Protein chains: 6
Amino acid sequence: MSEPLPDTLIAPVVRAALAEDLGRAGDVTSQACVPAEARLRAVFASRQAGVISGLACARLAILELDPTADFKAVVEDGAQAGAGAKLAWVDANARALLGAERVALNLMGRLSGIATLTRVYVDAVEGTGARIVDTRKTTPGLRALEKYAVRCGGGVNHRFGLDDAILIKDNHIAACGSVAEAVRLARAAAGHLMKVEVEIDSLDQLEDALKHRPDVVMLDNFNPDDLAEAVRRTAGRAALEASGGVNLQTVRGIAEAGVDVISVGALTHSASVLDIGLDAA
Amino acid sequence: MSEPLPDTLIAPVVRAALAEDLGRAGDVTSQACVPAEARLRAVFASRQAGVISGLACARLAILELDPTADFKAVVEDGAQAGAGAKLAWVDANARALLGAERVALNLMGRLSGIATLTRVYVDAVEGTGARIVDTRKTTPGLRALEKYAVRCGGGVNHRFGLDDAILIKDNHIAACGSVAEAVRLARAAAGHLMKVEVEIDSLDQLEDALKHRPDVVMLDNFNPDDLAEAVRRTAGRAALEASGGVNLQTVRGIAEAGVDVISVGALTHSASVLDIGLDAA
Amino acid sequence: MSEPLPDTLIAPVVRAALAEDLGRAGDVTSQACVPAEARLRAVFASRQAGVISGLACARLAILELDPTADFKAVVEDGAQAGAGAKLAWVDANARALLGAERVALNLMGRLSGIATLTRVYVDAVEGTGARIVDTRKTTPGLRALEKYAVRCGGGVNHRFGLDDAILIKDNHIAACGSVAEAVRLARAAAGHLMKVEVEIDSLDQLEDALKHRPDVVMLDNFNPDDLAEAVRRTAGRAALEASGGVNLQTVRGIAEAGVDVISVGALTHSASVLDIGLDAA
Amino acid sequence: MSEPLPDTLIAPVVRAALAEDLGRAGDVTSQACVPAEARLRAVFASRQAGVISGLACARLAILELDPTADFKAVVEDGAQAGAGAKLAWVDANARALLGAERVALNLMGRLSGIATLTRVYVDAVEGTGARIVDTRKTTPGLRALEKYAVRCGGGVNHRFGLDDAILIKDNHIAACGSVAEAVRLARAAAGHLMKVEVEIDSLDQLEDALKHRPDVVMLDNFNPDDLAEAVRRTAGRAALEASGGVNLQTVRGIAEAGVDVISVGALTHSASVLDIGLDAA
Amino acid sequence: MSEPLPDTLIAPVVRAALAEDLGRAGDVTSQACVPAEARLRAVFASRQAGVISGLACARLAILELDPTADFKAVVEDGAQAGAGAKLAWVDANARALLGAERVALNLMGRLSGIATLTRVYVDAVEGTGARIVDTRKTTPGLRALEKYAVRCGGGVNHRFGLDDAILIKDNHIAACGSVAEAVRLARAAAGHLMKVEVEIDSLDQLEDALKHRPDVVMLDNFNPDDLAEAVRRTAGRAALEASGGVNLQTVRGIAEAGVDVISVGALTHSASVLDIGLDAA
Amino acid sequence: MSEPLPDTLIAPVVRAALAEDLGRAGDVTSQACVPAEARLRAVFASRQAGVISGLACARLAILELDPTADFKAVVEDGAQAGAGAKLAWVDANARALLGAERVALNLMGRLSGIATLTRVYVDAVEGTGARIVDTRKTTPGLRALEKYAVRCGGGVNHRFGLDDAILIKDNHIAACGSVAEAVRLARAAAGHLMKVEVEIDSLDQLEDALKHRPDVVMLDNFNPDDLAEAVRRTAGRAALEASGGVNLQTVRGIAEAGVDVISVGALTHSASVLDIGLDAA
């Protein structure tokens with residue numbers, strides 16, 4: 001069960017989404033067809049099995065349009081829901097609920113889609129000791145929420161931005177002349193709470209990469225045999241991350257090679273939304 | 001070829017994405033490993049075949065970090081690119097380019113993914129006269145850009161928000177007592193530049209729906225035979241939109257039933273990103 | 001009676017207005033002269049007869065400074081108020097009420113002024129079937145509110161921005177070579193929920209304009225005879241909008257010519273504020 | 001000639017206005033009908049005689065959409081323009097210019113309307129020594145610009161908000177028990193750069209009001225005889241401001257009574273826009 | 001006792017500070033170690049003697065993360081607190097309280113530091129009639145709050161920005177040719193509620209400065225003898241402000257020279273924070 | 001020499017600071033006294049010896065008001081400047097330069113003050129191997145800039161917010177029951193790029209704290225002997241941070257005890273501004 005984000009981090013996203021959808025005249029259809037004082041009781045329900053994430057988005061969207069709305073979650077973020085499972089009951093002004101519906105569903109569907117796909121990967125490596133991590137391939141503006149969804153699915157977060165950890169890639173190595181020199185420079189620049197990771201694309205680079213003791217070595221596009229060999233050679237001197245070419249066919253083999261973490265861009269960049277609906281009750 | 005959005009609509013999204021990625025210290029890796037004055041020449045290249053969308057996002061992201069950068073697009077948004085196709089050359093301060101890279105790729109990859117999937121649907125209905133349209137199932141904060149990507153892929157836009165057209169759904173009908181009454185109220189409320197669409201889920205509702213002359217009737221989850229029957233009965237009194245259960249297996253049959261537009265939520269809610277990379281040149 | 005805008009669309013305008021008025025030290029006069037805990041009971045009253053619009057602005061402004069304030073509207077937006085009519089009672093912290101007073105009155109006065117002027121035009125064409133519509137000649141930042149005020153006065157809204165309908169004017173026609181070609185291009189670009197309007201300035205252009213079936217033809221600066229002739233010739237093939245040279249002397253004649261809508265820029269660009277005051281009770 | 005505001009104060013208003021008008025898809029008409037690379041040369045021209053204000057708004061709006069546009073003002077803000085006078089030439093990308101046109105005209109028309117009306121009042125009191133000042137009855141969000149427009153018309157600004165001067169009104173006096181006590185408290189609270197003004201509504205209050213030496217006494221709704229008497233009695237102990245019941249019929253008489261400043265709410269709350277157009281050249 | 005700022009001026013600063021501290025994942029430590037529903041009762045206590053300012057910042061920070069929190073201030077802003085004094089009790093969700101703690105303390109500590117230092121200066125000149133005022137040497141983004149803190153310490157505010165009073169300095173004088181001409185131009189430009197101050201750096205300039213009757217003359221870096229001489233010569237024709245070289249050794253002597261106000265940049269630019277802590281209770 | 005922050009992180013702070021200072025009318029003094037087209041050449045000079053930080057703030061402030069200004073830095077951030085040292089030449093529109101001056105000086109003075117104080121601490125521990133680090137006791141809104149200033153002074157950054165590293169304090173330990181359990185939970189929650197630090201306040205807690213291998217142990221308010229003992233016992237199993245009671249008298253002794261980092265809240269919460277001025281040249 002993932003620990004919830006504070007509402008204060010979610011509310012600005014929800015408000016911007018409502019502004020985007022309500023535009024310059026609000027929900028003109030409900031204004032035309034639904035009495036101003038009508039109330040609506042409805043239930044958020046999952047049309048597919050999946051892992052739920054983003055209930056707070058739905059709650060905040062509805063409360064933004066009707067501060068008196070009653071929103072009762074049936075499950076918590078991180079819960080595995082079956083097809084048809086009821087997720088939350090809501091009783092609200094009808095226009096407010098219909099006006100917030102799409103925003104609520106768009107956010108909850110997207111986050112639950114990410115959580116669901118993450119869970120599939122996490123389950124696929126169960127028992128191996130490997131952890132599934134995300135990448136920075138997130139939707140602009142939604143990184144905090146999408147990384148939260150990964151946690152809801154049992155995954156772990158890679159760095160949150162360019163500023164909270166050092167990750168040395170090929171262009172950095174090229175600029176430094178060698179892997180070892182890049183790690184040395186990074187180590188010197190890093191504060192005592194910042195980790196240093198370096199990416200290599202062949203076993204040949206491994207010893208050089210380890211010379212100045214990075215916290216993590218990323219093994220990019222290694223096959224399982226090379227991964228296992230890297231694990232053996234590293235012998236605990238650094239954590240090892242496998243990346244590249246990871247899919248549901250390959251992930252178990254990668255995990256069994258003994259790496260510590262496996263990063264999967266698809267978690268955030270290619271998850272389908274989970275089909276969630278709002279049904280009048 | 002879709003007409004470009006003004007930069008002024010794109011720039012705030014790009015700036016917010018950079019702020020999200022640069023965090024409170026900027027790109028600490030490049031600061032540690034790349035000389036401040038180094039320049040980098042690189043090329044954006046598509047790793048997969050697809051329809052390109054979002055080149056302006058990449059350009060603006062890089063210029064935001066290096067106003068002197070030189071960005072030369074090789075193709076235009078809407079172009080069909082083959083795997084390996086070069087999309088744009090860039091010559092910029094190395095730290096700036098590395099700092100903007102992920103934002104540029106995240107936006108361009110997502111928009112191109114949408115454009116590519118849209119194009120697949122558009123091609124699938126070629127010659128039928130049906131148009132492929134999107135929905136409001138877009139990423140919060142990115143609606144303007146994602147709807148632009150749909151246009152890049154040859155699709156057409158449904159309404160942009162709750163405020164620019166009337167779309168009567170089941171809850172509205174329930175509140176009004178009948179389909180006909182809902183349309184009548186909507187018609188009365190709509191200005192001379194606002195269209196009225198009504199959603200029905202069975203043929204039985206069709207005549208009632210047409211009574212007060214909506215601009216469009218949405219036929220939700222109709223099978224092709226019922227769609228064809230609806231087309232026959234409507235006889236041009238309104239445009240017809242098919243929605244629900246649309247996928248690449250079904251879309252041609254739906255189109256051939258004679259509807260005017262087919263709305264596909266998957267265009268924006270479930271497109272995979274197009275794999276685009278930035279290669280040092 | 002116009003349907004209210006959601007508070008979420010109004011609150012940012014109100015907050016910005018308060019920030020503008022409170023500046024960097026707040027209401028220094030009330031801080032100096034009014035005890036911190038004093039309460040004030042007062043009534044918003046109209047000093048002139050008119051149509052009220054914007055009560056929610058007053059309510060939100062006061063609640064922003066005193067969340068415990070009690071605000072009771074006596075009338076609803078859209079109501080015709082006589083000179084001296086009481087509009088709303090408020091009981092609030094005195095400093096908060098005095099600090100919010102000007103913002104409340106500025107917004108309510110402006111919107112009520114627009115509603116009042118709109119009502120005058122709407123009454124002037126009563127029985128003719130013509131509808132009075134606004135334009136985009138609104139105050140920057142207040143379009144959603146000012147268009148709402150037009151609805152409060154019984155008017156109907158023209159498009160909300162450059163993006164929700166196509167309106168072809170002389171420069172567009174010049175770029176396309178002919179009226180007909182411009183409409184043809186617009187038609188092809190427009191989605192199924194976007195209307196197309198074209199402006200012409202002489203009867204000679206009418207047939208050409210109608211060729212590709214626009215939804216609306218705007219007849220710019222036509223005299224009543226030419227308007228009537230246009231109505232006759234169009235014969236229902238498009239809605240007709242009269243614009244230009246519309247004032248209270250001419251509007252009835254224009255309406256009687258049979259056009260569908262009459263657009264009046266003055267509704268928003270030249271309405272005087274309605275004189276509303278706040279009186280201690 | 002009024003001194004211009006820094007662009008940095010104007011640009012956010014212009015950008016917000018463009019965002020409001022361009023919405024979620026930009027200028028769809030120009031996208032449909034005008035080639036992307038077409039340029040347009042045009043001239044801003046005044047259709048009525050008036051005092052110009054807000055040329056920078058037009059310039060910034062156009063440059064925001066086309067940074068390469070060439071904008072050449074023919075006159076300066078504060079200039080008296082005749083009907084038909086050319087105000088500024090512009091050569092820009094056609095879509096950009098058409099997309100910015102309404103924002104430019106809305107702002108320039110509104111500000112010029114205020115400047116023009118201000119000038120009429122200023123001219124009406126010429127030679128009397130009285131100065132025409134504005135009030136806080138401005139459009140929410142546009143106070144800085146509207147007060148600038150008053151300066152363009154030869155007027156002088158009253159306080160800019162609740163925070164930059166003390167203005168004691170009836171409710172403050174009621175809370176303090178007496179006019180004199182209110183002024184005394186205000187004086188004690190005011191820093192050495194903050195002025196204190198007190199409003200009275202009868203001659204009886206004058207001596208009491210002057211007791212603790214306010215900088216200004218506002219004489220609310222005094223007739224000219226009482227104004228003259230107040231001038232006589234005050235004998236230079238404070239500046240005197242006439243307010244209330246000021247219109248073009250009464251303003252000269254008020255000025256001749258000898259007051260220092262005359263505040264006119266109508267300058268900002270009820271000025272008609274100046275009719276300015278953009279003509280292709 | 002200073003009059004409180006409206007929450008509406010403080011809340012945006014608090015929200016921005018929380019966003020800055022919570023980043024993209026919130027308080028990960030509390031999420032890991034503290035149960036979601038745990039509550040914490042704690043007390044804000046001053047570790048040093050000082051003047052308290054900013055209790056509302058603490059309250060708003062905690063309420064932003066837990067709207068149900070109970071916050072009870074023991075003292076009011078402006079109170080002199082001894083070392084160990086309890087300032088406010090709070091009972092809140094434990095994660096929320098720990099997440100808001102640093103923001104609350106940073107703001108309250110900084111503002112209380114300013115209030116405390118101000119109080120020291122104010123006490124140092126007690127009985128002389130001179131008032132201690134701040135400058136514009138404030139922290140960017142916090143001017144309203146820091147100037148409020150000065151008021152809490154018994155100080156008075158100088159102007160709030162470049163726009164609410166005229167302050168003529170050497171570069172302005174150089175541009176005008178003479179002190180007298182600068183004052184004359186300023187006087188002509190100033191509205192009836194805007195004061196004019198002019199800075200001089202020698203007695204020689206005094207008569208010239210007074211010629212066009214500024215409201216205040218700033219005597220920059222005058223020694224006490226020259227200050228006294230300036231007071232004598234000015235004879236009440238303007239208020240006099242001493243600035244430059246003011247510290248706790250010199251301030252009493254400066255005050256005794258008879259000036260009206262003494263401006264002290266150190267109040268805001270060099271105050272140490274007051275050490276305030278939050279202790280579990 | 002510290003690596004510069006991207007302008008894109010600094011510009012919003014600068015723009016907000018200018019907006020705060022320019023208020024609703026801009027620099028009214030310069031508008032009154034300085035011709036609109038006048039130019040001014042001036043030099044930023046340090047009135048005290050110190051370490052410079054924030055030149056980009058000055059440059060951006062001036063360019064915001066005059067995009068054609070010429071700004072030439074003489075030194076780079078991180079440079080040690082003597083009293084009187086020239087820091088940067090600027091040639092700009094005079095009104096723009098005077099309007100930006102205070103914002104430029106406020107930011108540069110504050111950041112240079114932090115850099116200077118940091119340098120003093122860094123020099124005090126030279127040769128010991130200990131690094132000086134900051135805390136989260138920064139000015140709300142300026143954390144990124146103030147932490148940058150610490151780097152300019154040769155210091156190293158602690159975590160940037162609550163989200164980029166885990167720091168377990170007494171309240172977390174209390175909630176978990178023991179130090180060891182708190183570290184175990186944190187370790188389990190932390191991703192592979194997030195470090196875990198735990199604070200203890202006595203030697204007794206050390207072994208318990210080290211049990212689940214935190215990256216860093218913070219020794220709060222330890223005397224030098226206990227610090228040395230902690231270093232001996234830890235024997236490299238974790239990095240050690242000394243905090244509390246650090247001042248210029250104690251810091252060398254603390255460093256010589258062998259800790260890795262010493263955190264000093266005073267760097268950001270109590271640095272005096274460095275006195276920097278702008279002199280006409």
# chains A, B, ... in the order shown; residues from 1 in each chain; ligands from 1

call {"tool": "select_by_dssp", "arguments": {"residues": "stretch 121-264 of chain A", "states": "strand (DSSP E or B)", "output": "JSON, numbers by chain"}}
result
{"A": [131, 132, 133, 156, 166, 167, 168, 194, 196, 197, 198, 199, 200, 216, 217, 218, 219, 220, 239, 240, 241, 242, 243, 261, 262, 263]}

call {"tool": "residues_around", "arguments": {"residues": "F:His158", "least_positions_apart": "2", "cutoff": "10 Å", "atoms": "only C-alpha atoms", "output": "ChimeraX atom specification"}}
result
/A:190-194 /F:132-136,147,155-156,160-161,164-165,261-263

call {"tool": "write_last_selection", "arguments": {"atoms": "N, CA and C atoms", "output": "PDB file, in the first residue's frame"}}
result
ATOM      1  N   ALA A 190      29.169  15.725  -5.777  1.00  0.00           N
ATOM      2  CA  ALA A 190      27.955  15.297  -5.080  1.00  0.00           C
ATOM      3  C   ALA A 190      28.031  15.576  -3.587  1.00  0.00           C
ATOM      4  N   GLY A 191      26.949  16.039  -3.043  1.00  0.00           N
ATOM      5  CA  GLY A 191      26.848  16.203  -1.599  1.00  0.00           C
ATOM      6  C   GLY A 191      26.696  14.851  -0.928  1.00  0.00           C
ATOM      7  N   HIS A 192      26.669  14.878   0.391  1.00  0.00           N
ATOM      8  CA  HIS A 192      26.671  13.598   1.110  1.00  0.00           C
ATOM      9  C   HIS A 192      25.323  12.884   1.043  1.00  0.00           C
ATOM     10  N   LEU A 193      24.313  13.564   0.515  1.00  0.00           N
ATOM     11  CA  LEU A 193      23.016  12.896   0.379  1.00  0.00           C
ATOM     12  C   LEU A 193      22.638  12.666  -1.078  1.00  0.00           C
ATOM     13  N   MET A 194      23.578  12.841  -1.985  1.00  0.00           N
ATOM     14  CA  MET A 194      23.277  12.636  -3.398  1.00  0.00           C
ATOM     15  C   MET A 194      24.024  11.415  -3.920  1.00  0.00           C
TER      16      MET A 194
ATOM     17  N   ILE F 132      31.623  21.531   4.655  1.00  0.00           N
ATOM     18  CA  ILE F 132      30.593  22.381   5.257  1.00  0.00           C
ATOM     19  C   ILE F 132      29.319  22.258   4.417  1.00  0.00           C
ATOM     20  N   VAL F 133      28.211  21.936   5.068  1.00  0.00           N
ATOM     21  CA  VAL F 133      26.948  21.820   4.319  1.00  0.00           C
ATOM     22  C   VAL F 133      25.880  22.726   4.934  1.00  0.00           C
ATOM     23  N   ASP F 134      24.907  23.024   4.093  1.00  0.00           N
ATOM     24  CA  ASP F 134      23.817  23.902   4.510  1.00  0.00           C
ATOM     25  C   ASP F 134      22.690  23.079   5.129  1.00  0.00           C
ATOM     26  N   THR F 135      21.557  23.734   5.355  1.00  0.00           N
ATOM     27  CA  THR F 135      20.380  23.066   5.901  1.00  0.00           C
ATOM     28  C   THR F 135      19.164  23.505   5.075  1.00  0.00           C
ATOM     29  N   ARG F 136      17.990  23.170   5.538  1.00  0.00           N
ATOM     30  CA  ARG F 136      16.759  23.634   4.885  1.00  0.00           C
ATOM     31  C   ARG F 136      16.258  24.926   5.522  1.00  0.00           C
ATOM     32  N   LYS F 147      20.960  27.819  -1.951  1.00  0.00           N
ATOM     33  CA  LYS F 147      21.812  26.619  -1.940  1.00  0.00           C
ATOM     34  C   LYS F 147      22.914  26.757  -3.008  1.00  0.00           C
ATOM     35  N   GLY F 155      30.831  25.487  -0.126  1.00  0.00           N
ATOM     36  CA  GLY F 155      30.091  24.527   0.665  1.00  0.00           C
ATOM     37  C   GLY F 155      29.425  23.489  -0.220  1.00  0.00           C
ATOM     38  N   VAL F 156      28.793  22.560   0.448  1.00  0.00           N
ATOM     39  CA  VAL F 156      28.127  21.461  -0.235  1.00  0.00           C
ATOM     40  C   VAL F 156      26.682  21.475   0.247  1.00  0.00           C
ATOM     41  N   PHE F 160      17.619  19.046  -0.692  1.00  0.00           N
ATOM     42  CA  PHE F 160      16.966  20.245  -1.205  1.00  0.00           C
ATOM     43  C   PHE F 160      15.537  20.396  -0.687  1.00  0.00           C
ATOM     44  N   GLY F 161      14.984  19.327  -0.217  1.00  0.00           N
ATOM     45  CA  GLY F 161      13.619  19.398   0.281  1.00  0.00           C
ATOM     46  C   GLY F 161      13.319  18.137   1.057  1.00  0.00           C
ATOM     47  N   ASP F 164      13.921  14.555  -1.387  1.00  0.00           N
ATOM     48  CA  ASP F 164      15.041  13.990  -2.137  1.00  0.00           C
ATOM     49  C   ASP F 164      16.021  13.190  -1.283  1.00  0.00           C
ATOM     50  N   ALA F 165      15.733  13.048  -0.019  1.00  0.00           N
ATOM     51  CA  ALA F 165      16.530  12.158   0.833  1.00  0.00           C
ATOM     52  C   ALA F 165      15.705  11.945   2.091  1.00  0.00           C
ATOM     53  N   VAL F 261      30.916  15.606   7.368  1.00  0.00           N
ATOM     54  CA  VAL F 261      30.274  16.871   7.024  1.00  0.00           C
ATOM     55  C   VAL F 261      29.787  17.556   8.296  1.00  0.00           C
ATOM     56  N   ILE F 262      29.762  18.880   8.189  1.00  0.00           N
ATOM     57  CA  ILE F 262      29.288  19.695   9.306  1.00  0.00           C
ATOM     58  C   ILE F 262      28.211  20.603   8.756  1.00  0.00           C
ATOM     59  N   SER F 263      27.011  20.505   9.303  1.00  0.00           N
ATOM     60  CA  SER F 263      25.926  21.338   8.774  1.00  0.00           C
ATOM     61  C   SER F 263      25.769  22.586   9.627  1.00  0.00           C
TER      62      SER F 263
END

call {"tool": "residues_around", "arguments": {"residues": "stretch 118-121 of chain E", "least_positions_apart": "2", "cutoff": "10 Å", "atoms": "only C-alpha atoms", "output": "number ranges by chain"}}
result
E: 50-51, 78, 80, 112-116, 123-126, 131-134, 149-156, 246-248, 251-252, 262, 264, 266-268, 271

call {"tool": "write_last_selection", "arguments": {"atoms": "N, CA and C atoms", "output": "CSV table (one decimal), in the first residue's frame"}}
result
chain,number,residue,atom,x,y,z
E,50,GLY,N,12.7,37.4,22.4
E,50,GLY,CA,12.5,38.2,21.1
E,50,GLY,C,11.1,38.6,20.9
E,51,VAL,N,10.9,39.3,19.9
E,51,VAL,CA,9.5,39.8,19.5
E,51,VAL,C,9.0,38.9,18.4
E,78,GLY,N,3.9,40.6,17.7
E,78,GLY,CA,4.2,41.8,18.4
E,78,GLY,C,4.6,41.6,19.8
E,80,GLN,N,6.4,40.4,23.1
E,80,GLN,CA,7.8,40.1,23.5
E,80,GLN,C,7.8,38.8,24.3
E,112,SER,N,10.3,37.0,13.0
E,112,SER,CA,10.5,37.3,14.4
E,112,SER,C,11.9,37.9,14.6
E,113,GLY,N,12.8,37.4,13.8
E,113,GLY,CA,14.2,38.0,13.9
E,113,GLY,C,14.1,39.5,13.5
E,114,ILE,N,13.4,39.8,12.4
E,114,ILE,CA,13.3,41.2,12.0
E,114,ILE,C,12.5,42.0,13.1
E,115,ALA,N,11.5,41.5,13.6
E,115,ALA,CA,10.7,42.2,14.6
E,115,ALA,C,11.6,42.5,15.9
E,116,THR,N,12.4,41.5,16.2
E,116,THR,CA,13.2,41.6,17.4
E,116,THR,C,14.3,42.7,17.2
E,123,ASP,N,13.6,50.7,20.8
E,123,ASP,CA,13.9,50.9,22.3
E,123,ASP,C,15.1,51.9,22.4
E,124,ALA,N,16.0,51.8,21.5
E,124,ALA,CA,17.2,52.6,21.7
E,124,ALA,C,16.9,54.1,21.5
E,125,VAL,N,15.9,54.4,20.8
E,125,VAL,CA,15.6,55.8,20.5
E,125,VAL,C,14.4,56.3,21.4
E,126,GLU,N,14.0,55.4,22.3
E,126,GLU,CA,12.8,55.7,23.1
E,126,GLU,C,12.9,57.1,23.7
E,131,ARG,N,11.3,58.0,14.8
E,131,ARG,CA,10.7,56.7,14.5
E,131,ARG,C,11.7,55.9,13.7
E,132,ILE,N,11.8,54.6,13.9
E,132,ILE,CA,12.6,53.7,13.2
E,132,ILE,C,11.9,53.2,12.0
E,133,VAL,N,12.4,53.4,10.8
E,133,VAL,CA,11.8,52.9,9.6
E,133,VAL,C,12.7,51.9,8.8
E,134,ASP,N,12.0,51.1,8.0
E,134,ASP,CA,12.8,50.1,7.2
E,134,ASP,C,13.2,50.7,5.9
E,149,ALA,N,6.7,42.6,9.7
E,149,ALA,CA,7.5,42.2,10.8
E,149,ALA,C,8.1,43.5,11.4
E,150,VAL,N,8.5,44.4,10.6
E,150,VAL,CA,9.0,45.7,11.1
E,150,VAL,C,7.9,46.4,12.0
E,151,ARG,N,6.7,46.4,11.5
E,151,ARG,CA,5.6,47.0,12.3
E,151,ARG,C,5.4,46.2,13.6
E,152,CYS,N,5.5,44.9,13.5
E,152,CYS,CA,5.4,44.1,14.8
E,152,CYS,C,6.5,44.5,15.8
E,153,GLY,N,7.6,45.0,15.3
E,153,GLY,CA,8.7,45.4,16.3
E,153,GLY,C,8.6,46.8,16.7
E,154,GLY,N,7.5,47.5,16.2
E,154,GLY,CA,7.4,48.9,16.6
E,154,GLY,C,7.9,49.9,15.6
E,155,GLY,N,8.4,49.4,14.5
E,155,GLY,CA,8.9,50.3,13.5
E,155,GLY,C,7.8,50.7,12.6
E,156,VAL,N,8.2,51.6,11.7
E,156,VAL,CA,7.3,52.2,10.7
E,156,VAL,C,7.8,51.9,9.4
E,246,VAL,N,23.8,54.0,10.2
E,246,VAL,CA,23.0,53.8,11.4
E,246,VAL,C,23.3,52.4,12.0
E,247,ASN,N,23.7,52.4,13.3
E,247,ASN,CA,23.8,51.1,13.9
E,247,ASN,C,23.5,51.3,15.4
E,248,LEU,N,23.6,50.3,16.2
E,248,LEU,CA,23.1,50.4,17.6
E,248,LEU,C,24.0,51.4,18.4
E,251,VAL,N,22.7,55.1,16.8
E,251,VAL,CA,21.3,55.5,16.5
E,251,VAL,C,20.7,56.4,17.5
E,252,ARG,N,21.1,56.3,18.8
E,252,ARG,CA,20.6,57.2,19.8
E,252,ARG,C,21.0,58.6,19.5
E,262,ILE,N,14.4,57.5,11.2
E,262,ILE,CA,15.8,57.0,11.0
E,262,ILE,C,15.6,55.7,10.2
E,264,VAL,N,16.8,52.2,8.7
E,264,VAL,CA,17.8,51.2,9.0
E,264,VAL,C,17.7,50.0,8.1
E,266,ALA,N,19.5,47.4,8.0
E,266,ALA,CA,19.8,46.2,8.7
E,266,ALA,C,18.6,45.5,9.2
E,267,LEU,N,17.5,46.2,9.5
E,267,LEU,CA,16.3,45.6,10.0
E,267,LEU,C,15.9,44.4,9.2
E,268,THR,N,15.9,44.6,7.9
E,268,THR,CA,15.5,43.5,7.0
E,268,THR,C,16.7,42.7,6.3
E,271,ALA,N,19.1,40.9,9.8
E,271,ALA,CA,18.6,40.4,11.0
E,271,ALA,C,18.9,38.9,11.1

call {"tool": "residues_around", "arguments": {"residues": "B:Leu63", "least_positions_apart": "6", "cutoff": "10 Å", "atoms": "only C-alpha atoms", "output": "JSON, numbers by chain"}}
result
{"B": [57, 69, 70, 71, 92, 96, 97, 100]}

call {"tool": "interface_residues", "arguments": {"of": "chain C", "to": "chain A", "cutoff": "7 Å", "atoms": "only C-alpha atoms", "output": "number ranges by chain"}}
result
C: 3, 5-6, 8, 144, 160

call {"tool": "write_last_selection", "arguments": {"atoms": "N, CA and C atoms", "output": "PDB file, in the first residue's frame"}}
result
ATOM      1  N   GLU C   3     -28.043  30.666 -16.071  1.00  0.00           N
ATOM      2  CA  GLU C   3     -27.464  29.637 -15.208  1.00  0.00           C
ATOM      3  C   GLU C   3     -26.103  30.099 -14.715  1.00  0.00           C
ATOM      4  N   LEU C   5     -22.271  30.529 -13.398  1.00  0.00           N
ATOM      5  CA  LEU C   5     -20.949  29.962 -13.660  1.00  0.00           C
ATOM      6  C   LEU C   5     -20.484  29.226 -12.406  1.00  0.00           C
ATOM      7  N   PRO C   6     -19.690  28.167 -12.553  1.00  0.00           N
ATOM      8  CA  PRO C   6     -19.104  27.554 -11.358  1.00  0.00           C
ATOM      9  C   PRO C   6     -18.162  28.555 -10.665  1.00  0.00           C
ATOM     10  N   THR C   8     -15.487  28.056  -9.408  1.00  0.00           N
ATOM     11  CA  THR C   8     -14.076  27.809  -9.735  1.00  0.00           C
ATOM     12  C   THR C   8     -13.599  28.651 -10.914  1.00  0.00           C
ATOM     13  N   ALA C 144     -15.022  35.508 -19.681  1.00  0.00           N
ATOM     14  CA  ALA C 144     -16.010  34.524 -19.205  1.00  0.00           C
ATOM     15  C   ALA C 144     -17.092  35.202 -18.376  1.00  0.00           C
ATOM     16  N   PHE C 160     -16.557  32.363 -28.022  1.00  0.00           N
ATOM     17  CA  PHE C 160     -15.837  32.747 -26.815  1.00  0.00           C
ATOM     18  C   PHE C 160     -14.389  33.133 -27.095  1.00  0.00           C
TER      19      PHE C 160
END
